[in-house]
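Here the structure is laid out as structure tokens; the discussion comes afterwards.
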Amino acid sequence: MATCSEYIKTVFPSIDDDLKQYVEGVLKNGADEFEDSEEVYEAVGEVLQEVSSDKTEEDIRDICNELLNILKPNKAKTNNGPMKVLNAPIHLGSMVDNLDNNIEDIKSIWVMQRDDSLMQKKLEKAQAKLQEKQDKRTKDVKSVVVPKLQTATASQVTSKKESKLESKGNNRTQDIRIENFDVAYGDRVLLQGADLTLACGRRYGLVGRNGLGKSTLLRMISSGQLRIPSHISILHVEQEVVGDNTLALESVLECDTVRADLLKREKEISTAINAGSTDPNLNTQLSEIYAQLQNIEADKAPAKASIILNGLGFTSEMQQRPTKTFSGGWRMRLALARALFSRPDLLLLDEPTNMLDIKAIIWLENYLQNWPTTLLVVSHDRNFLDTVPTDILHLHSQRIEAYRGNYEQFERTKTEKLKKSTKGI
Ligand SMILES: Nc1ncnc2c1ncn2[C@@H]1O[C@H](COP(=O)(O)OP(=O)(O)OP(=O)(O)O)[C@@H](O)[C@H]1O
Ligand SMILES: [Mg+2]
């Protein structure tokens, strides 16, 4: 990293210290992720362009290639560049051995240690400064180019066998297989020819550098743009619960629509009987309803909902307050509580720990370890990724690579792979 730092200082002598630190932070943390210079350009190109208006985009791209060359010499484009001359012979075997000692150093930007707040603060400071500069520039320039917000699109190759089963209503598989699909915002392709398999009952941690399309992928699944068998229920916790007069506990309980419908019918029939109706069917219907309520253990529902709310930080008093009295953050927690209570076949969560305090995070980590159906969760939180997932899905190079095990196992497997490929040279 020292070399990167020197190089940046050489090519951008007037670079502001905070910005330099920001760029170095992004490069350091993303080092093991960059596959080509385009990815380096995506990560830091804009910031570097800010620093020096006399450089063309082409110059900045060359600089990004050189930065990649410093970070990962075998990944950078070398066809135009000068040949590297080594000062001393290198011994590949000992390099491989050293990898073991360096495993601890391999950390990625998208996996933050929970207590790594100093670096985070620095990045935030630099980001704020960059924003300030951008705002200033926006004010200075008369015609402002507003980035065009687009709707993401997805296309997918469907298996004939599955379509056939689906059309006959015979598709009972609980596994989800989305094959050979693309996701894009206009011309900006996020995923291309990707495959995603979610086996029933497993918990998938979706990881990858910022901005590669993790959130978009979840949205494509929940909106139905990527097709999955219609009998599989999906819930994506994305938006906060609407604030109204419904009590918090009630708003969680009402997600169980089967229970809510049965209770509603029970009330209607009881009212009719009390009003003197002599219809003999009413009593039979009422007994059936009671049997069904017993079957789904409806009486235990309030306690279950309360346990979830309590785990997410709602005291008994808060559980009895109307949803409109809560802030956006708490209404987001309510949305999470509703999803956990509903137990969909596939639960999609996007960085759930961001909305929680440490106590609630620990509760959620424990709760999800017993999650009975399939979970797909995006996270940058190292502890969470080590605790909850049974599998890691690594989004990079517009594809999704699947690894068995938690994040720690994933890192180990990746290092092993790296060792093997180094040995193979
Ligand atoms: N409405 C939009 N129109 C055009 N581009 C978009 C839109 N929304 C997001 N993007 C771009 O698509 C890319 C993927 O965004 P997305 O939010 O899915 O990434 P992500 O992997 O979830 O990132 P992060 O880890 O930072 O949450 C980003 O580069 C983003 O700038
Ligand atoms: Mg995201």
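Each chain of the structure tokens is named A, B, ... in the order shown, its residues numbered from 1; ligands are numbered from 1 in display order.
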
I want to know what sits within 7 Å of range 218-235 of chain A, based on only C-alpha atoms, with residues of the same chain fewer than 3 positions away left out; could you give that as a PDB file with all heavy atoms, in the first residue's frame?
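Saved to around24.pdb:
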```pdb
ATOM      1  N   ALA A 154     -34.453  -7.281 -16.009  1.00  0.00           N
ATOM      2  CA  ALA A 154     -33.848  -8.594 -15.847  1.00  0.00           C
ATOM      3  C   ALA A 154     -34.349  -9.516 -16.938  1.00  0.00           C
ATOM      4  O   ALA A 154     -35.495  -9.410 -17.369  1.00  0.00           O
ATOM      5  CB  ALA A 154     -34.225  -9.171 -14.493  1.00  0.00           C
ATOM      6  N   GLN A 156     -34.040 -13.754 -18.260  1.00  0.00           N
ATOM      7  CA  GLN A 156     -33.612 -15.040 -17.716  1.00  0.00           C
ATOM      8  C   GLN A 156     -34.012 -16.152 -18.671  1.00  0.00           C
ATOM      9  O   GLN A 156     -35.041 -16.078 -19.325  1.00  0.00           O
ATOM     10  CB  GLN A 156     -34.271 -15.173 -16.332  1.00  0.00           C
ATOM     11  CG  GLN A 156     -34.813 -16.480 -15.954  1.00  0.00           C
ATOM     12  CD  GLN A 156     -35.647 -16.390 -14.667  1.00  0.00           C
ATOM     13  OE1 GLN A 156     -36.180 -15.327 -14.316  1.00  0.00           O
ATOM     14  NE2 GLN A 156     -35.796 -17.486 -13.987  1.00  0.00           N
ATOM     15  N   GLU A 166     -44.690 -25.948 -13.944  1.00  0.00           N
ATOM     16  CA  GLU A 166     -45.350 -24.747 -13.426  1.00  0.00           C
ATOM     17  C   GLU A 166     -46.734 -24.614 -14.038  1.00  0.00           C
ATOM     18  O   GLU A 166     -47.715 -24.397 -13.349  1.00  0.00           O
ATOM     19  CB  GLU A 166     -44.474 -23.531 -13.759  1.00  0.00           C
ATOM     20  CG  GLU A 166     -44.978 -22.241 -13.230  1.00  0.00           C
ATOM     21  CD  GLU A 166     -44.712 -22.041 -11.737  1.00  0.00           C
ATOM     22  OE1 GLU A 166     -44.038 -22.865 -11.101  1.00  0.00           O
ATOM     23  OE2 GLU A 166     -45.220 -21.055 -11.225  1.00  0.00           O
ATOM     24  N   GLN A 174     -39.084 -26.884  -3.509  1.00  0.00           N
ATOM     25  CA  GLN A 174     -38.855 -25.735  -2.642  1.00  0.00           C
ATOM     26  C   GLN A 174     -37.509 -25.088  -2.957  1.00  0.00           C
ATOM     27  O   GLN A 174     -37.160 -24.063  -2.396  1.00  0.00           O
ATOM     28  CB  GLN A 174     -38.901 -26.167  -1.176  1.00  0.00           C
ATOM     29  CG  GLN A 174     -40.312 -26.433  -0.655  1.00  0.00           C
ATOM     30  CD  GLN A 174     -41.192 -25.189  -0.631  1.00  0.00           C
ATOM     31  OE1 GLN A 174     -40.757 -24.117  -0.258  1.00  0.00           O
ATOM     32  NE2 GLN A 174     -42.441 -25.331  -1.046  1.00  0.00           N
ATOM     33  N   ILE A 176     -34.815 -23.093  -5.320  1.00  0.00           N
ATOM     34  CA  ILE A 176     -34.980 -22.032  -6.320  1.00  0.00           C
ATOM     35  C   ILE A 176     -33.763 -22.043  -7.235  1.00  0.00           C
ATOM     36  O   ILE A 176     -32.623 -22.027  -6.758  1.00  0.00           O
ATOM     37  CB  ILE A 176     -35.108 -20.668  -5.614  1.00  0.00           C
ATOM     38  CG1 ILE A 176     -36.386 -20.655  -4.767  1.00  0.00           C
ATOM     39  CG2 ILE A 176     -35.103 -19.516  -6.611  1.00  0.00           C
ATOM     40  CD1 ILE A 176     -36.422 -19.551  -3.753  1.00  0.00           C
ATOM     41  N   LYS A 214     -26.060  -5.937  -5.582  1.00  0.00           N
ATOM     42  CA  LYS A 214     -26.660  -6.873  -4.623  1.00  0.00           C
ATOM     43  C   LYS A 214     -28.108  -6.480  -4.311  1.00  0.00           C
ATOM     44  O   LYS A 214     -29.011  -7.305  -4.386  1.00  0.00           O
ATOM     45  CB  LYS A 214     -25.829  -6.920  -3.323  1.00  0.00           C
ATOM     46  CG  LYS A 214     -24.395  -7.355  -3.556  1.00  0.00           C
ATOM     47  CD  LYS A 214     -23.589  -7.353  -2.284  1.00  0.00           C
ATOM     48  CE  LYS A 214     -23.398  -5.981  -1.645  1.00  0.00           C
ATOM     49  NZ  LYS A 214     -22.688  -5.011  -2.479  1.00  0.00           N
ATOM     50  N   SER A 215     -28.299  -5.187  -3.979  1.00  0.00           N
ATOM     51  CA  SER A 215     -29.661  -4.738  -3.653  1.00  0.00           C
ATOM     52  C   SER A 215     -30.565  -4.878  -4.866  1.00  0.00           C
ATOM     53  O   SER A 215     -31.734  -5.259  -4.742  1.00  0.00           O
ATOM     54  CB  SER A 215     -29.646  -3.283  -3.198  1.00  0.00           C
ATOM     55  OG  SER A 215     -28.843  -3.150  -2.066  1.00  0.00           O
ATOM     56  N   ALA A 339     -41.861  -9.592   8.932  1.00  0.00           N
ATOM     57  CA  ALA A 339     -41.307 -10.598   8.014  1.00  0.00           C
ATOM     58  C   ALA A 339     -40.913 -11.857   8.786  1.00  0.00           C
ATOM     59  O   ALA A 339     -41.187 -12.977   8.356  1.00  0.00           O
ATOM     60  CB  ALA A 339     -40.109 -10.031   7.274  1.00  0.00           C
ATOM     61  N   PRO A 344     -41.892 -16.409   5.478  1.00  0.00           N
ATOM     62  CA  PRO A 344     -42.084 -16.749   4.064  1.00  0.00           C
ATOM     63  C   PRO A 344     -41.139 -17.897   3.680  1.00  0.00           C
ATOM     64  O   PRO A 344     -40.193 -18.182   4.422  1.00  0.00           O
ATOM     65  CB  PRO A 344     -41.663 -15.461   3.352  1.00  0.00           C
ATOM     66  CG  PRO A 344     -40.693 -14.823   4.294  1.00  0.00           C
ATOM     67  CD  PRO A 344     -41.169 -15.155   5.664  1.00  0.00           C
ATOM     68  N   ASP A 345     -41.396 -18.523   2.529  1.00  0.00           N
ATOM     69  CA  ASP A 345     -40.498 -19.603   2.082  1.00  0.00           C
ATOM     70  C   ASP A 345     -39.121 -19.040   1.778  1.00  0.00           C
ATOM     71  O   ASP A 345     -38.116 -19.718   1.942  1.00  0.00           O
ATOM     72  CB  ASP A 345     -41.052 -20.260   0.811  1.00  0.00           C
ATOM     73  CG  ASP A 345     -42.397 -20.910   1.072  1.00  0.00           C
ATOM     74  OD1 ASP A 345     -42.564 -21.423   2.191  1.00  0.00           O
ATOM     75  OD2 ASP A 345     -43.259 -20.884   0.182  1.00  0.00           O
ATOM     76  N   LEU A 346     -39.092 -17.800   1.279  1.00  0.00           N
ATOM     77  CA  LEU A 346     -37.809 -17.158   1.005  1.00  0.00           C
ATOM     78  C   LEU A 346     -37.827 -15.762   1.614  1.00  0.00           C
ATOM     79  O   LEU A 346     -38.651 -14.922   1.241  1.00  0.00           O
ATOM     80  CB  LEU A 346     -37.569 -17.060  -0.513  1.00  0.00           C
ATOM     81  CG  LEU A 346     -36.346 -16.245  -0.947  1.00  0.00           C
ATOM     82  CD1 LEU A 346     -35.055 -16.857  -0.429  1.00  0.00           C
ATOM     83  CD2 LEU A 346     -36.278 -16.123  -2.473  1.00  0.00           C
ATOM     84  N   LEU A 347     -36.927 -15.539   2.539  1.00  0.00           N
ATOM     85  CA  LEU A 347     -36.833 -14.220   3.167  1.00  0.00           C
ATOM     86  C   LEU A 347     -35.626 -13.487   2.592  1.00  0.00           C
ATOM     87  O   LEU A 347     -34.517 -14.019   2.560  1.00  0.00           O
ATOM     88  CB  LEU A 347     -36.681 -14.380   4.684  1.00  0.00           C
ATOM     89  CG  LEU A 347     -36.457 -13.091   5.482  1.00  0.00           C
ATOM     90  CD1 LEU A 347     -37.650 -12.151   5.375  1.00  0.00           C
ATOM     91  CD2 LEU A 347     -36.193 -13.402   6.957  1.00  0.00           C
ATOM     92  N   LEU A 348     -35.864 -12.255   2.123  1.00  0.00           N
ATOM     93  CA  LEU A 348     -34.782 -11.443   1.567  1.00  0.00           C
ATOM     94  C   LEU A 348     -34.512 -10.273   2.506  1.00  0.00           C
ATOM     95  O   LEU A 348     -35.424  -9.505   2.828  1.00  0.00           O
ATOM     96  CB  LEU A 348     -35.184 -10.890   0.188  1.00  0.00           C
ATOM     97  CG  LEU A 348     -35.639 -11.909  -0.861  1.00  0.00           C
ATOM     98  CD1 LEU A 348     -36.147 -11.206  -2.112  1.00  0.00           C
ATOM     99  CD2 LEU A 348     -34.489 -12.838  -1.233  1.00  0.00           C
TER     100      LEU A 348
END
```

Check which residues fall inside 9 Å of ligand 1 when counting only C-alpha atoms and all ligand atoms, and print them as a ChimeraX atom specification.
/A:42,110,147-152,184-186,188-190,207-219,350-351,378-380,395

What's the separation between CA of Pro322 in chain A and CA of Phe341 in chain A, in Å to one decimal place?
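Distance between the two atoms: 18.4 Å.
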
Show me, as a list in words, the residues that have an atom within 8 Å of Leu375 in chain A when counting only C-alpha atoms, minus same-chain residues fewer than 2 positions from it.
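With the cut-off at 8 Å, the set is Gly201, Arg202, Arg203, Tyr204, Leu346, Leu347, Leu348, Leu349, Trp371, Thr373 and Val377 of chain A.
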
Take the residues from that selection and write them out as a PDB file, in the first residue's frame, keeping N, CA and C atoms.
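Once everything was written out, this is again00.pdb:
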```pdb
ATOM      1  N   GLY A 201     -34.036 -24.289   2.903  1.00  0.00           N
ATOM      2  CA  GLY A 201     -33.537 -24.421   4.271  1.00  0.00           C
ATOM      3  C   GLY A 201     -32.142 -23.884   4.498  1.00  0.00           C
ATOM      4  N   ARG A 202     -31.477 -23.421   3.434  1.00  0.00           N
ATOM      5  CA  ARG A 202     -30.119 -22.899   3.635  1.00  0.00           C
ATOM      6  C   ARG A 202     -30.165 -21.373   3.771  1.00  0.00           C
ATOM      7  N   ARG A 203     -29.107 -20.840   4.372  1.00  0.00           N
ATOM      8  CA  ARG A 203     -29.058 -19.390   4.616  1.00  0.00           C
ATOM      9  C   ARG A 203     -27.879 -18.807   3.845  1.00  0.00           C
ATOM     10  N   TYR A 204     -28.193 -17.992   2.860  1.00  0.00           N
ATOM     11  CA  TYR A 204     -27.162 -17.475   1.961  1.00  0.00           C
ATOM     12  C   TYR A 204     -26.781 -16.035   2.306  1.00  0.00           C
ATOM     13  N   LEU A 346     -39.092 -17.800   1.279  1.00  0.00           N
ATOM     14  CA  LEU A 346     -37.809 -17.158   1.005  1.00  0.00           C
ATOM     15  C   LEU A 346     -37.827 -15.762   1.614  1.00  0.00           C
ATOM     16  N   LEU A 347     -36.927 -15.539   2.539  1.00  0.00           N
ATOM     17  CA  LEU A 347     -36.833 -14.220   3.167  1.00  0.00           C
ATOM     18  C   LEU A 347     -35.626 -13.487   2.592  1.00  0.00           C
ATOM     19  N   LEU A 348     -35.864 -12.255   2.123  1.00  0.00           N
ATOM     20  CA  LEU A 348     -34.782 -11.443   1.567  1.00  0.00           C
ATOM     21  C   LEU A 348     -34.512 -10.273   2.506  1.00  0.00           C
ATOM     22  N   LEU A 349     -33.266 -10.154   2.960  1.00  0.00           N
ATOM     23  CA  LEU A 349     -32.925  -9.041   3.845  1.00  0.00           C
ATOM     24  C   LEU A 349     -31.732  -8.292   3.259  1.00  0.00           C
ATOM     25  N   TRP A 371     -33.647 -20.287  11.530  1.00  0.00           N
ATOM     26  CA  TRP A 371     -34.623 -19.933  10.492  1.00  0.00           C
ATOM     27  C   TRP A 371     -35.016 -21.196   9.726  1.00  0.00           C
ATOM     28  N   THR A 373     -36.842 -21.712   6.908  1.00  0.00           N
ATOM     29  CA  THR A 373     -36.952 -21.777   5.447  1.00  0.00           C
ATOM     30  C   THR A 373     -35.669 -21.218   4.830  1.00  0.00           C
ATOM     31  N   VAL A 377     -29.482 -13.028   2.389  1.00  0.00           N
ATOM     32  CA  VAL A 377     -29.248 -11.781   3.104  1.00  0.00           C
ATOM     33  C   VAL A 377     -27.972 -11.090   2.616  1.00  0.00           C
TER      34      VAL A 377
END
```

Who sits within 6 Å of range 357-365 of chain A, only C-alpha atoms, same chain under 6 positions skipped, as an MDAnalysis selection string
chainID A and resid 311:312 388

Got a sec: who's within 9 Å of Leu27 in chain A, counting only C-alpha atoms, leaving out chain neighbours fewer than 6 positions off, as a PyMOL selection string?
chain A and resi 1+4+34+40+43-44+67-68+71+109

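With distances taken over only C-alpha atoms and all ligand atoms, A:Asn354 is the one residue among A:Asn354, A:Gln49, A:Asn370, A:Gln319 lying closest to ligand 2.
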
Among range 226-422 of chain A, which residues carry a DSSP assignment of alpha helix (DSSP H), reported as a PyMOL selection string?
chain A and resi 248-253+257-274+280-295+301-311+316-319+328-342+358-369+382-387+407-422

Applying 12 Å and only C-alpha atoms, which residues near range 55-63 of chain A remain after dropping the ones on its own chain fewer than 4 positions away? List them as a VMD selection string.
chain A and resid 4 7 to 12 36 to 51 67 to 70 76 to 78 80 to 81

Nearby residues (only C-alpha atoms) at most 9 Å from range 294-301 of chain A, same-chain spacing under 5 positions excluded, as a PDB file with N, CA and C atoms, in the first residue's frame:
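What ended up in out.pdb:
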```
ATOM      1  N   LEU A 253     -49.137  -9.184  14.203  1.00  0.00           N
ATOM      2  CA  LEU A 253     -50.070 -10.318  14.194  1.00  0.00           C
ATOM      3  C   LEU A 253     -50.896 -10.390  12.913  1.00  0.00           C
ATOM      4  N   ASP A 256     -50.252 -12.628   9.740  1.00  0.00           N
ATOM      5  CA  ASP A 256     -50.705 -14.008   9.632  1.00  0.00           C
ATOM      6  C   ASP A 256     -52.146 -13.946   9.144  1.00  0.00           C
ATOM      7  N   VAL A 258     -54.063 -16.023   7.575  1.00  0.00           N
ATOM      8  CA  VAL A 258     -54.951 -17.170   7.809  1.00  0.00           C
ATOM      9  C   VAL A 258     -55.617 -16.994   9.170  1.00  0.00           C
ATOM     10  N   ARG A 259     -54.784 -16.671  10.174  1.00  0.00           N
ATOM     11  CA  ARG A 259     -55.302 -16.483  11.529  1.00  0.00           C
ATOM     12  C   ARG A 259     -56.273 -15.294  11.565  1.00  0.00           C
ATOM     13  N   ILE A 289     -64.150 -23.560  12.576  1.00  0.00           N
ATOM     14  CA  ILE A 289     -63.211 -22.448  12.747  1.00  0.00           C
ATOM     15  C   ILE A 289     -62.347 -22.654  13.995  1.00  0.00           C
ATOM     16  N   SER A 306     -44.724 -11.213  20.188  1.00  0.00           N
ATOM     17  CA  SER A 306     -44.148 -10.396  21.246  1.00  0.00           C
ATOM     18  C   SER A 306     -42.666 -10.715  21.465  1.00  0.00           C
ATOM     19  N   PHE A 341     -42.073 -12.904  11.589  1.00  0.00           N
ATOM     20  CA  PHE A 341     -43.280 -13.557  12.094  1.00  0.00           C
ATOM     21  C   PHE A 341     -43.992 -14.321  10.966  1.00  0.00           C
TER      22      PHE A 341
END
```

Residue nearest Gly329 in chain A among A:Lys72, A:Ser342, A:Leu191, A:Glu240 (counting only C-alpha atoms)
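Going through A:Lys72, A:Ser342, A:Leu191, A:Glu240 one by one, the smallest distance to Gly329 in chain A is for A:Glu240.
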
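Picture a line from CA of Thr353 in chain A to CA of Asp381 in chain A; it runs 7.4 Å.
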
Residue with smallest distance to Val183 in chain A - pool A:Ser251, A:Gln398, A:Gln239, A:Asn74, counting only C-alpha atoms
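Residue with the minimum atom-to-atom distance to Val183 in chain A: A:Gln398.
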